Amino acid sequence: MNPELFFSLARPLSPIYASLMGLREKLYDKNILLKSHRLDKPVISIGNLSMGGTGKTPHVIEIARFLVDNSFKVCVLTRGYGSKAGKGPLLVKDDFKDTSILGDEPVLIYESVKGVNVVVGSNRLGGAIWARKNLDVDVFLLDDGFQHLALKRDIDIVLLPYEDPFSGGRVFPGGYLREPISALKRADCFILTGSPDFYDKRYVKEELQDMFPHIPVFLSKKTLKNISNLKGGILSPDFLEAKNVIGFCGIAKPQGFKNTLIELGYNVIKFVSFKDHYEYKEKDIKDIYEMFKLSNAHFFVTTSKDGVKLKNILRNINNKELYKNFLEKLLILNIKIEIEPGFWQFLKSRI
């Protein structure tokens with residue numbers, strides 16, 4: 001069913017859901033029936049108010065990299081959407097990076113930040129307790145943690161989309177919000193994601209600060225880091241300019257990836273989208289390659305999140321000729337998140 005149609009039909013239930021989420025927050029706050037636990041190491045939560053598409057994973061990667069570069073031993077606690085980890089904990093390792101078990105995002109985080117530990121499982125409190133016993137940890141990063149109130153956090157970072165910070169303003173099931181807007185009072189800072197620059201000509205930042213004057217607001221933007229292939233090769237960001245490409249991805253907002261390809265000056269002759277966290281099969285690889293052969297495309301391009309899943313499926317593909325040909329023409333677009341400098345000063349002051 002089309003999401004907008006579903007939301008319009010379910011809208012009368014939104015006030016009930018919002019009230020339940022508000023009650024849940026109060027029960028955790030008062031430790032009545034629902035208990036919130038404090039760890040003996042700092043916990044930094046990175047989450048959002050809306051459902052998907054605010055770029056949590058690349059922000060987790062940048063914050064983890066900053067902490068590791070500043071000599072902190074970092075452990076990321078993540079649910080691993082689409083994984084088979086259950087309650088966990090499962091530890092991502094060099095010899096255990098199966099995305100069909102761990103999920104795509106945990107593996108991407110692990111491969112993107114040298115020296116980071118990534119623990120996967122829905123019971124993130126249990127994962128943290130296990131990590132304290134088995135790993136050397138200075139600070140925990142709680143991935144997608146804004147609604148995970150069972151674990152107390154020392155810094156609550158909330159990501160909001162620059163174009164529409166409140167994602168239409170309606171609470172699920174009548175809209176995209178997981179909680180009412182009033183829940184944002186729990187945040188320690190906001191990051192407006194997808195900003196065109198750090199000068200905020202539309203004053204979105206100021207409007208948010210007017211609503212929550214005690215909470216600092218920062219901007220982040222996407223930039224192209226480089227282009228790579230699954231063989232480990234790195235190409236310059238302008239390698240695909242004016243070339244014909246077929247784009248494909250399995251992410252929350254595929255149109256955003258397509259727009260990025262177009263903005264970079266690539267000739268997108270076809271674009272295929274799969275559902276978020278899609279686990280590719282050999283048939284999908286074959287279909288995409290057949291599409292490529294029938295077109296005048298030079299390469300097909302996907303996201304880094306899709307890249308870690310494709311690496312997993314291609315490793316076990318039966319058709320070795322298809323594997324070789326697909327690998328030859330597949331390129332990964334590696335996006336880097338830049339957050340305005342004031343955020344890093346804020347983070348340092350709070351750790």
# chains A, B, ... in the order shown; residues from 1 in each chain; ligands from 1

call {"tool": "select_by_dssp", "arguments": {"residues": "stretch 180-224 of chain A", "states": "helix (DSSP H, G or I)", "output": "number ranges by chain"}}
result
A: 181-186, 204-211

call {"tool": "residues_around", "arguments": {"residues": "A:Arg178", "least_positions_apart": "4", "cutoff": "12 Å", "atoms": "only C-alpha atoms", "output": "VMD selection string"}}
result
chain A and resid 14 17 to 22 47 to 52 144 146 to 148 166 to 174 182 to 184

call {"tool": "write_last_selection", "arguments": {"atoms": "N, CA and C atoms", "output": "mmCIF file, in the first residue's frame"}}
result
data_model
loop_
_atom_site.group_PDB
_atom_site.id
_atom_site.type_symbol
_atom_site.label_atom_id
_atom_site.label_comp_id
_atom_site.auth_asym_id
_atom_site.auth_seq_id
_atom_site.Cartn_x
_atom_site.Cartn_y
_atom_site.Cartn_z
ATOM 1 N N SER A 14 -3.545 8.255 15.284
ATOM 2 C CA SER A 14 -2.322 8.957 15.677
ATOM 3 C C SER A 14 -2.364 9.495 17.107
ATOM 4 N N TYR A 17 -1.627 6.667 19.533
ATOM 5 C CA TYR A 17 -0.230 6.248 19.490
ATOM 6 C C TYR A 17 0.666 7.286 20.175
ATOM 7 N N ALA A 18 0.409 8.561 19.888
ATOM 8 C CA ALA A 18 1.206 9.631 20.490
ATOM 9 C C ALA A 18 1.068 9.614 22.009
ATOM 10 N N SER A 19 -0.144 9.364 22.509
ATOM 11 C CA SER A 19 -0.364 9.306 23.956
ATOM 12 C C SER A 19 0.383 8.135 24.582
ATOM 13 N N LEU A 20 0.382 6.993 23.893
ATOM 14 C CA LEU A 20 1.100 5.815 24.399
ATOM 15 C C LEU A 20 2.600 6.063 24.448
ATOM 16 N N MET A 21 3.129 6.742 23.430
ATOM 17 C CA MET A 21 4.562 7.050 23.420
ATOM 18 C C MET A 21 4.909 8.041 24.531
ATOM 19 N N GLY A 22 4.006 8.990 24.780
ATOM 20 C CA GLY A 22 4.218 9.937 25.869
ATOM 21 C C GLY A 22 4.189 9.244 27.222
ATOM 22 N N GLY A 47 20.157 9.356 16.940
ATOM 23 C CA GLY A 47 18.847 8.863 16.521
ATOM 24 C C GLY A 47 18.075 9.919 15.766
ATOM 25 N N ASN A 48 16.799 9.652 15.577
ATOM 26 C CA ASN A 48 15.953 10.629 14.884
ATOM 27 C C ASN A 48 14.518 10.540 15.369
ATOM 28 N N LEU A 49 13.707 11.460 14.882
ATOM 29 C CA LEU A 49 12.300 11.495 15.259
ATOM 30 C C LEU A 49 11.426 10.801 14.230
ATOM 31 N N SER A 50 11.870 10.815 12.979
ATOM 32 C CA SER A 50 11.071 10.236 11.905
ATOM 33 C C SER A 50 11.570 8.851 11.529
ATOM 34 N N MET A 51 10.823 8.177 10.691
ATOM 35 C CA MET A 51 11.150 6.809 10.305
ATOM 36 C C MET A 51 12.050 6.803 9.069
ATOM 37 N N GLY A 52 13.341 6.582 9.282
ATOM 38 C CA GLY A 52 14.273 6.343 8.182
ATOM 39 C C GLY A 52 14.633 7.564 7.351
ATOM 40 N N ASP A 144 20.717 4.642 16.326
ATOM 41 C CA ASP A 144 19.256 4.729 16.289
ATOM 42 C C ASP A 144 18.684 4.630 17.711
ATOM 43 N N PHE A 146 17.352 7.211 19.875
ATOM 44 C CA PHE A 146 16.516 8.224 20.525
ATOM 45 C C PHE A 146 15.312 7.622 21.240
ATOM 46 N N GLN A 147 14.734 6.571 20.674
ATOM 47 C CA GLN A 147 13.583 5.922 21.316
ATOM 48 C C GLN A 147 13.989 4.751 22.216
ATOM 49 N N HIS A 148 15.277 4.450 22.295
ATOM 50 C CA HIS A 148 15.736 3.308 23.089
ATOM 51 C C HIS A 148 16.009 3.773 24.523
ATOM 52 N N PHE A 166 10.367 18.186 10.684
ATOM 53 C CA PHE A 166 9.370 17.402 11.414
ATOM 54 C C PHE A 166 8.623 16.428 10.503
ATOM 55 N N SER A 167 9.144 16.210 9.297
ATOM 56 C CA SER A 167 8.631 15.184 8.367
ATOM 57 C C SER A 167 7.110 15.200 8.249
ATOM 58 N N GLY A 168 6.562 16.381 8.073
ATOM 59 C CA GLY A 168 5.115 16.523 7.905
ATOM 60 C C GLY A 168 4.369 16.779 9.195
ATOM 61 N N GLY A 169 4.999 16.493 10.334
ATOM 62 C CA GLY A 169 4.412 16.838 11.631
ATOM 63 C C GLY A 169 3.394 15.863 12.180
ATOM 64 N N ARG A 170 3.117 14.760 11.487
ATOM 65 C CA ARG A 170 2.106 13.813 11.963
ATOM 66 C C ARG A 170 2.764 12.562 12.539
ATOM 67 N N VAL A 171 2.202 12.095 13.653
ATOM 68 C CA VAL A 171 2.729 10.920 14.341
ATOM 69 C C VAL A 171 2.167 9.649 13.716
ATOM 70 N N PHE A 172 2.992 8.613 13.663
ATOM 71 C CA PHE A 172 2.568 7.289 13.196
ATOM 72 C C PHE A 172 1.328 6.832 13.997
ATOM 73 N N PRO A 173 0.367 6.147 13.373
ATOM 74 C CA PRO A 173 0.323 5.662 11.990
ATOM 75 C C PRO A 173 -0.252 6.659 10.988
ATOM 76 N N GLY A 174 -0.412 7.915 11.417
ATOM 77 C CA GLY A 174 -0.917 8.930 10.500
ATOM 78 C C GLY A 174 0.172 9.697 9.781
ATOM 79 N N SER A 182 7.065 17.127 20.665
ATOM 80 C CA SER A 182 7.442 17.525 22.030
ATOM 81 C C SER A 182 8.537 16.626 22.615
ATOM 82 N N ALA A 183 8.709 15.399 22.087
ATOM 83 C CA ALA A 183 9.736 14.482 22.585
ATOM 84 C C ALA A 183 11.140 15.041 22.363
ATOM 85 N N LEU A 184 11.264 15.997 21.438
ATOM 86 C CA LEU A 184 12.587 16.557 21.135
ATOM 87 C C LEU A 184 13.196 17.305 22.315
#

call {"tool": "closest_residue", "arguments": {"among": "A:Leu91, A:Val60, A:Val204, A:Ile246", "to": "A:Phe218", "atoms": "only C-alpha atoms"}}
result
A:Val204

call {"tool": "select_by_dssp", "arguments": {"residues": "stretch 15-199 of chain A", "states": "strand (DSSP E or B)", "output": "PDB file with C-alpha atoms, in the first residue's frame"}}
result
ATOM      1  CA  HIS A  37      19.880   1.676  33.081  1.00  0.00           C
ATOM      2  CA  VAL A  43      26.836   6.669  26.025  1.00  0.00           C
ATOM      3  CA  ILE A  44      26.287   8.860  22.954  1.00  0.00           C
ATOM      4  CA  SER A  45      22.975   8.245  21.212  1.00  0.00           C
ATOM      5  CA  ILE A  46      22.487   9.083  17.538  1.00  0.00           C
ATOM      6  CA  GLY A  47      18.847   8.863  16.521  1.00  0.00           C
ATOM      7  CA  ASN A  48      15.953  10.629  14.884  1.00  0.00           C
ATOM      8  CA  SER A  50      11.071  10.236  11.905  1.00  0.00           C
ATOM      9  CA  VAL A  74      34.624   3.045  20.676  1.00  0.00           C
ATOM     10  CA  CYS A  75      31.900   0.406  20.711  1.00  0.00           C
ATOM     11  CA  VAL A  76      28.857   0.902  18.481  1.00  0.00           C
ATOM     12  CA  LEU A  77      25.653  -0.721  19.745  1.00  0.00           C
ATOM     13  CA  THR A  78      23.292  -1.335  16.847  1.00  0.00           C
ATOM     14  CA  LEU A  90      27.003 -10.622  17.885  1.00  0.00           C
ATOM     15  CA  LEU A  91      30.399  -9.000  17.314  1.00  0.00           C
ATOM     16  CA  LYS A  93      34.934  -9.219  13.055  1.00  0.00           C
ATOM     17  CA  PHE A  96      32.585 -12.604  10.493  1.00  0.00           C
ATOM     18  CA  ASN A 117      33.972  -2.433  17.724  1.00  0.00           C
ATOM     19  CA  VAL A 118      30.423  -3.089  16.493  1.00  0.00           C
ATOM     20  CA  VAL A 119      28.018  -5.168  18.617  1.00  0.00           C
ATOM     21  CA  VAL A 120      24.731  -6.229  16.979  1.00  0.00           C
ATOM     22  CA  VAL A 139      32.616   5.231  25.007  1.00  0.00           C
ATOM     23  CA  PHE A 140      29.487   3.643  23.534  1.00  0.00           C
ATOM     24  CA  LEU A 141      27.704   4.903  20.419  1.00  0.00           C
ATOM     25  CA  LEU A 142      24.028   3.950  20.494  1.00  0.00           C
ATOM     26  CA  ASP A 143      22.884   3.687  16.874  1.00  0.00           C
ATOM     27  CA  LEU A 151      19.685   2.756  28.183  1.00  0.00           C
ATOM     28  CA  ILE A 155      24.635  12.880  24.962  1.00  0.00           C
ATOM     29  CA  ASP A 156      21.451  12.606  22.890  1.00  0.00           C
ATOM     30  CA  ILE A 157      22.056  13.639  19.269  1.00  0.00           C
ATOM     31  CA  VAL A 158      18.930  13.877  17.126  1.00  0.00           C
ATOM     32  CA  LEU A 159      19.100  14.038  13.330  1.00  0.00           C
ATOM     33  CA  LEU A 160      16.385  16.019  11.544  1.00  0.00           C
ATOM     34  CA  PRO A 161      16.063  16.430   7.753  1.00  0.00           C
ATOM     35  CA  VAL A 171       2.729  10.920  14.341  1.00  0.00           C
ATOM     36  CA  LEU A 177       6.990  10.600  13.203  1.00  0.00           C
ATOM     37  CA  CYS A 189      21.643  18.768  20.256  1.00  0.00           C
ATOM     38  CA  PHE A 190      20.108  18.647  16.791  1.00  0.00           C
ATOM     39  CA  ILE A 191      21.846  18.045  13.483  1.00  0.00           C
ATOM     40  CA  LEU A 192      19.933  19.221  10.420  1.00  0.00           C
ATOM     41  CA  THR A 193      20.982  16.737   7.742  1.00  0.00           C
TER      42      THR A 193
END

call {"tool": "atom_distance", "arguments": {"atom1": "atom CA of A:Ala131", "atom2": "atom CA of A:Val92"}}
result
12.1 Å

call {"tool": "residues_around", "arguments": {"residues": "A:Leu23", "least_positions_apart": "5", "cutoff": "12 Å", "atoms": "only C-alpha atoms", "output": "short mmCIF file (atom, residue, chain, number, x, y, z; two decimals) with N, CA and C atoms, in the first residue's frame"}}
result
data_model
loop_
_atom_site.label_atom_id
_atom_site.label_comp_id
_atom_site.auth_asym_id
_atom_site.auth_seq_id
_atom_site.Cartn_x
_atom_site.Cartn_y
_atom_site.Cartn_z
N ILE A 16 -3.86 8.36 19.67
CA ILE A 16 -3.72 7.25 20.62
C ILE A 16 -2.27 6.81 20.70
N TYR A 17 -1.63 6.67 19.53
CA TYR A 17 -0.23 6.25 19.49
C TYR A 17 0.67 7.29 20.17
N ALA A 18 0.41 8.56 19.89
CA ALA A 18 1.21 9.63 20.49
C ALA A 18 1.07 9.61 22.01
N TYR A 28 9.49 5.46 31.83
CA TYR A 28 10.95 5.33 31.88
C TYR A 28 11.56 6.42 32.76
N ASP A 29 11.04 7.64 32.62
CA ASP A 29 11.58 8.76 33.38
C ASP A 29 11.43 8.56 34.88
N LYS A 30 10.31 7.95 35.28
CA LYS A 30 10.02 7.74 36.71
C LYS A 30 10.45 6.35 37.19
N ASN A 31 10.99 5.53 36.27
CA ASN A 31 11.37 4.14 36.59
C ASN A 31 10.20 3.35 37.16
N ILE A 32 9.02 3.56 36.56
CA ILE A 32 7.82 2.82 36.94
C ILE A 32 7.53 1.79 35.86
N LEU A 33 7.62 0.51 36.19
CA LEU A 33 7.41 -0.60 35.26
C LEU A 33 8.54 -0.70 34.21
N LEU A 34 8.98 0.43 33.67
CA LEU A 34 10.03 0.44 32.66
C LEU A 34 11.27 1.11 33.25
N GLU A 179 7.44 9.69 17.40
CA GLU A 179 6.96 10.29 18.64
C GLU A 179 6.44 11.69 18.32
N PRO A 180 5.69 12.29 19.24
CA PRO A 180 5.29 13.68 19.03
C PRO A 180 6.50 14.61 19.02
N ALA A 183 8.71 15.40 22.09
CA ALA A 183 9.74 14.48 22.59
C ALA A 183 11.14 15.04 22.36
#

call {"tool": "closest_atom_pairs", "arguments": {"of": "stretch 218-243 of chain A", "to": "stretch 328-344 of chain A", "cutoff": "7 Å", "atoms": "only C-alpha atoms", "output": "tab-separated table"}}
result
residue	atom	partner	partner_atom	distance
A:Phe218	CA	A:Phe343	CA	6.2
A:Leu219	CA	A:Glu340	CA	5.8
A:Ser220	CA	A:Ile339	CA	4.2
A:Lys221	CA	A:Glu338	CA	5.4
A:Lys222	CA	A:Ile337	CA	4.8
A:Thr223	CA	A:Lys336	CA	5.3
A:Leu224	CA	A:Ile335	CA	4.7
A:Lys225	CA	A:Ile335	CA	5.3
A:Asn226	CA	A:Asn334	CA	5.4
A:Ile227	CA	A:Leu333	CA	4.9
A:Ser228	CA	A:Ile332	CA	5.1
A:Asn229	CA	A:Leu331	CA	4.9

call {"tool": "write_last_selection", "arguments": {"atoms": "N, CA and C atoms", "output": "PDB file, in the first residue's frame"}}
result
ATOM      1  N   PHE A 218      23.060  22.160  14.766  1.00  0.00           N
ATOM      2  CA  PHE A 218      24.182  22.139  13.832  1.00  0.00           C
ATOM      3  C   PHE A 218      23.702  21.648  12.474  1.00  0.00           C
ATOM      4  N   LEU A 219      24.481  21.921  11.453  1.00  0.00           N
ATOM      5  CA  LEU A 219      24.149  21.502  10.093  1.00  0.00           C
ATOM      6  C   LEU A 219      25.127  20.442   9.605  1.00  0.00           C
ATOM      7  N   SER A 220      24.648  19.551   8.760  1.00  0.00           N
ATOM      8  CA  SER A 220      25.547  18.604   8.091  1.00  0.00           C
ATOM      9  C   SER A 220      25.185  18.527   6.621  1.00  0.00           C
ATOM     10  N   LYS A 221      26.166  18.171   5.802  1.00  0.00           N
ATOM     11  CA  LYS A 221      25.922  18.043   4.370  1.00  0.00           C
ATOM     12  C   LYS A 221      26.676  16.836   3.822  1.00  0.00           C
ATOM     13  N   LYS A 222      26.218  16.348   2.686  1.00  0.00           N
ATOM     14  CA  LYS A 222      26.847  15.212   2.025  1.00  0.00           C
ATOM     15  C   LYS A 222      27.853  15.703   0.995  1.00  0.00           C
ATOM     16  N   THR A 223      29.004  15.065   0.966  1.00  0.00           N
ATOM     17  CA  THR A 223      29.973  15.326  -0.093  1.00  0.00           C
ATOM     18  C   THR A 223      30.470  13.982  -0.624  1.00  0.00           C
ATOM     19  N   LEU A 224      30.912  13.970  -1.858  1.00  0.00           N
ATOM     20  CA  LEU A 224      31.435  12.740  -2.456  1.00  0.00           C
ATOM     21  C   LEU A 224      32.875  12.535  -2.022  1.00  0.00           C
ATOM     22  N   LYS A 225      33.127  11.446  -1.328  1.00  0.00           N
ATOM     23  CA  LYS A 225      34.482  11.128  -0.875  1.00  0.00           C
ATOM     24  C   LYS A 225      35.303  10.556  -2.027  1.00  0.00           C
ATOM     25  N   ASN A 226      34.794   9.490  -2.627  1.00  0.00           N
ATOM     26  CA  ASN A 226      35.462   8.889  -3.785  1.00  0.00           C
ATOM     27  C   ASN A 226      34.549   7.843  -4.397  1.00  0.00           C
ATOM     28  N   ILE A 227      35.022   7.213  -5.440  1.00  0.00           N
ATOM     29  CA  ILE A 227      34.325   6.095  -6.086  1.00  0.00           C
ATOM     30  C   ILE A 227      35.234   4.884  -5.951  1.00  0.00           C
ATOM     31  N   SER A 228      34.648   3.733  -5.640  1.00  0.00           N
ATOM     32  CA  SER A 228      35.478   2.542  -5.474  1.00  0.00           C
ATOM     33  C   SER A 228      34.832   1.352  -6.167  1.00  0.00           C
ATOM     34  N   ASN A 229      35.581   0.259  -6.242  1.00  0.00           N
ATOM     35  CA  ASN A 229      34.991  -1.001  -6.695  1.00  0.00           C
ATOM     36  C   ASN A 229      35.205  -2.048  -5.612  1.00  0.00           C
TER      37      ASN A 229
END

call {"tool": "closest_atom_pairs", "arguments": {"of": "stretch 202-253 of chain A", "to": "stretch 268-281 of chain A", "cutoff": "12 Å", "atoms": "only C-alpha atoms", "output": "JSON lines"}}
result
{"residue": "A:Leu240", "atom": "CA", "partner": "A:Val268", "partner_atom": "CA", "distance": 10.7}
{"residue": "A:Glu241", "atom": "CA", "partner": "A:Val268", "partner_atom": "CA", "distance": 10.8}
{"residue": "A:Ala242", "atom": "CA", "partner": "A:Val268", "partner_atom": "CA", "distance": 9.5}
{"residue": "A:Lys243", "atom": "CA", "partner": "A:Val268", "partner_atom": "CA", "distance": 8.5}
{"residue": "A:Asn244", "atom": "CA", "partner": "A:Val268", "partner_atom": "CA", "distance": 6.0}
{"residue": "A:Val245", "atom": "CA", "partner": "A:Val268", "partner_atom": "CA", "distance": 5.1}
{"residue": "A:Ile246", "atom": "CA", "partner": "A:Lys270", "partner_atom": "CA", "distance": 4.9}
{"residue": "A:Gly247", "atom": "CA", "partner": "A:Phe271", "partner_atom": "CA", "distance": 4.7}
{"residue": "A:Phe248", "atom": "CA", "partner": "A:Val272", "partner_atom": "CA", "distance": 4.6}
{"residue": "A:Cys249", "atom": "CA", "partner": "A:Ser273", "partner_atom": "CA", "distance": 5.2}
{"residue": "A:Gly250", "atom": "CA", "partner": "A:Phe274", "partner_atom": "CA", "distance": 4.4}
{"residue": "A:Ile251", "atom": "CA", "partner": "A:Asp276", "partner_atom": "CA", "distance": 4.1}
{"residue": "A:Ala252", "atom": "CA", "partner": "A:Asp276", "partner_atom": "CA", "distance": 4.9}
{"residue": "A:Lys253", "atom": "CA", "partner": "A:Asp276", "partner_atom": "CA", "distance": 8.1}

call {"tool": "write_last_selection", "arguments": {"atoms": "C-alpha atoms", "output": "compact mmCIF listing (two decimals), in the first residue's frame"}}
result
# COMPACT_ATOMS: atom_id res chain seq x y z
CA LEU A 240 31.99 9.19 -13.87
CA GLU A 241 31.26 12.74 -15.02
CA ALA A 242 29.38 12.71 -18.35
CA LYS A 243 29.37 8.89 -18.42
CA ASN A 244 26.22 6.80 -18.87
CA VAL A 245 25.32 4.89 -15.71
CA ILE A 246 22.63 2.59 -14.37
CA GLY A 247 21.93 3.40 -10.74
CA PHE A 248 20.43 0.97 -8.26
CA CYS A 249 20.04 0.77 -4.49
CA GLY A 250 18.06 -0.69 -1.59
CA ILE A 251 17.82 2.22 0.85
CA ALA A 252 15.05 4.14 2.64
CA LYS A 253 14.92 7.06 0.18

call {"tool": "closest_residue", "arguments": {"among": "A:Asn267, A:Thr57, A:Asn319, A:Asn2", "to": "A:Ser112", "atoms": "only C-alpha atoms"}}
result
A:Thr57

call {"tool": "atom_distance", "arguments": {"atom1": "atom CA of A:Thr302", "atom2": "atom CA of A:Ile262"}}
result
13.2 Å

call {"tool": "closest_residue", "arguments": {"among": "A:Ser71, A:Ser8, A:Thr99, A:Asn296", "to": "A:Lys309", "atoms": "only C-alpha atoms"}}
result
A:Thr99

call {"tool": "residues_around", "arguments": {"residues": "A:Lys324", "least_positions_apart": "5", "cutoff": "12 Å", "atoms": "only C-alpha atoms", "output": "list in words"}}
result
Leu230, Lys231, Ile285, Lys286, Tyr289, Leu314, Arg315, Ile317, Asn318, Asn319, Lys329 and Leu330 of chain A

call {"tool": "write_last_selection", "arguments": {"atoms": "C-alpha atoms", "output": "mmCIF file, in the first residue's frame"}}
result
data_model
loop_
_atom_site.group_PDB
_atom_site.id
_atom_site.type_symbol
_atom_site.label_atom_id
_atom_site.label_comp_id
_atom_site.auth_asym_id
_atom_site.auth_seq_id
_atom_site.Cartn_x
_atom_site.Cartn_y
_atom_site.Cartn_z
ATOM 1 C CA LEU A 230 34.703 -4.248 -4.758
ATOM 2 C CA LYS A 231 38.271 -5.188 -5.671
ATOM 3 C CA ILE A 285 22.566 -9.679 -10.100
ATOM 4 C CA LYS A 286 21.681 -11.410 -13.348
ATOM 5 C CA TYR A 289 23.593 -7.225 -15.656
ATOM 6 C CA LEU A 314 28.979 -12.179 -5.018
ATOM 7 C CA ARG A 315 31.364 -14.199 -2.853
ATOM 8 C CA ILE A 317 27.579 -16.733 -6.573
ATOM 9 C CA ASN A 318 27.459 -19.906 -8.674
ATOM 10 C CA ASN A 319 27.846 -18.293 -12.091
ATOM 11 C CA LYS A 329 31.355 -2.811 -14.212
ATOM 12 C CA LEU A 330 30.135 -2.216 -10.641
#

call {"tool": "closest_residue", "arguments": {"among": "A:Pro254, A:Gly115, A:Gly145, A:Gly88", "to": "A:Phe72", "atoms": "only C-alpha atoms"}}
result
A:Gly115

call {"tool": "residues_around", "arguments": {"residues": "A:Tyr81", "least_positions_apart": "2", "cutoff": "9 Å", "atoms": "only C-alpha atoms", "output": "ChimeraX atom specification"}}
result
/A:78-79,83-84,102-106,277

call {"tool": "write_last_selection", "arguments": {"atoms": "C-alpha atoms", "output": "compact mmCIF listing (two decimals), in the first residue's frame"}}
result
# COMPACT_ATOMS: atom_id res chain seq x y z
CA THR A 78 23.29 -1.34 16.85
CA ARG A 79 20.14 -3.32 16.30
CA SER A 83 19.78 -8.94 10.53
CA LYS A 84 19.25 -12.36 12.07
CA LEU A 102 24.56 -9.14 10.81
CA GLY A 103 22.73 -6.71 8.54
CA ASP A 104 24.28 -4.24 6.12
CA GLU A 105 24.79 -1.20 8.37
CA PRO A 106 26.85 -2.90 11.13
CA HIS A 277 17.89 -3.31 3.60

call {"tool": "closest_residue", "arguments": {"among": "A:Tyr176, A:Gly307, A:Leu294, A:Lys348", "to": "A:Phe6", "atoms": "only C-alpha atoms"}}
result
A:Tyr176

call {"tool": "atom_distance", "arguments": {"atom1": "atom CA of A:Asp287", "atom2": "atom CA of A:Asn325"}}
result
12.8 Å

call {"tool": "decode", "arguments": {"residues": "stretch 292-321 of chain A", "atoms": "C-alpha atoms", "output": "JSON list (two decimals), in the first residue's frame"}}
result
[["chain", "number", "residue", "atom", "x", "y", "z"],
["A", 292, "PHE", "CA", 23.30, -3.29, -18.51],
["A", 293, "LYS", "CA", 24.08, -5.39, -21.62],
["A", 294, "LEU", "CA", 20.97, -4.09, -23.39],
["A", 295, "SER", "CA", 21.84, -0.47, -22.64],
["A", 296, "ASN", "CA", 24.62, 1.91, -23.64],
["A", 297, "ALA", "CA", 25.74, 2.35, -20.03],
["A", 298, "HIS", "CA", 29.42, 2.45, -19.13],
["A", 299, "PHE", "CA", 28.97, 1.33, -15.49],
["A", 300, "PHE", "CA", 26.34, 0.62, -12.88],
["A", 301, "VAL", "CA", 26.58, 2.51, -9.60],
["A", 302, "THR", "CA", 25.25, 1.81, -6.12],
["A", 303, "THR", "CA", 25.68, 2.98, -2.50],
["A", 304, "SER", "CA", 28.30, 1.85, 0.00],
["A", 305, "LYS", "CA", 25.55, 0.22, 2.08],
["A", 306, "ASP", "CA", 24.49, -1.87, -0.92],
["A", 307, "GLY", "CA", 28.15, -2.55, -1.66],
["A", 308, "VAL", "CA", 28.72, -4.53, 1.55],
["A", 309, "LYS", "CA", 25.69, -6.71, 0.76],
["A", 310, "LEU", "CA", 26.78, -7.29, -2.82],
["A", 311, "LYS", "CA", 30.23, -8.30, -1.65],
["A", 312, "ASN", "CA", 28.58, -10.98, 0.46],
["A", 313, "ILE", "CA", 26.32, -12.37, -2.28],
["A", 314, "LEU", "CA", 28.98, -12.18, -5.02],
["A", 315, "ARG", "CA", 31.36, -14.20, -2.85],
["A", 316, "ASN", "CA", 28.94, -17.15, -3.05],
["A", 317, "ILE", "CA", 27.58, -16.73, -6.57],
["A", 318, "ASN", "CA", 27.46, -19.91, -8.67],
["A", 319, "ASN", "CA", 27.85, -18.29, -12.09],
["A", 320, "LYS", "CA", 31.53, -17.32, -12.09],
["A", 321, "GLU", "CA", 31.33, -15.62, -15.50]]
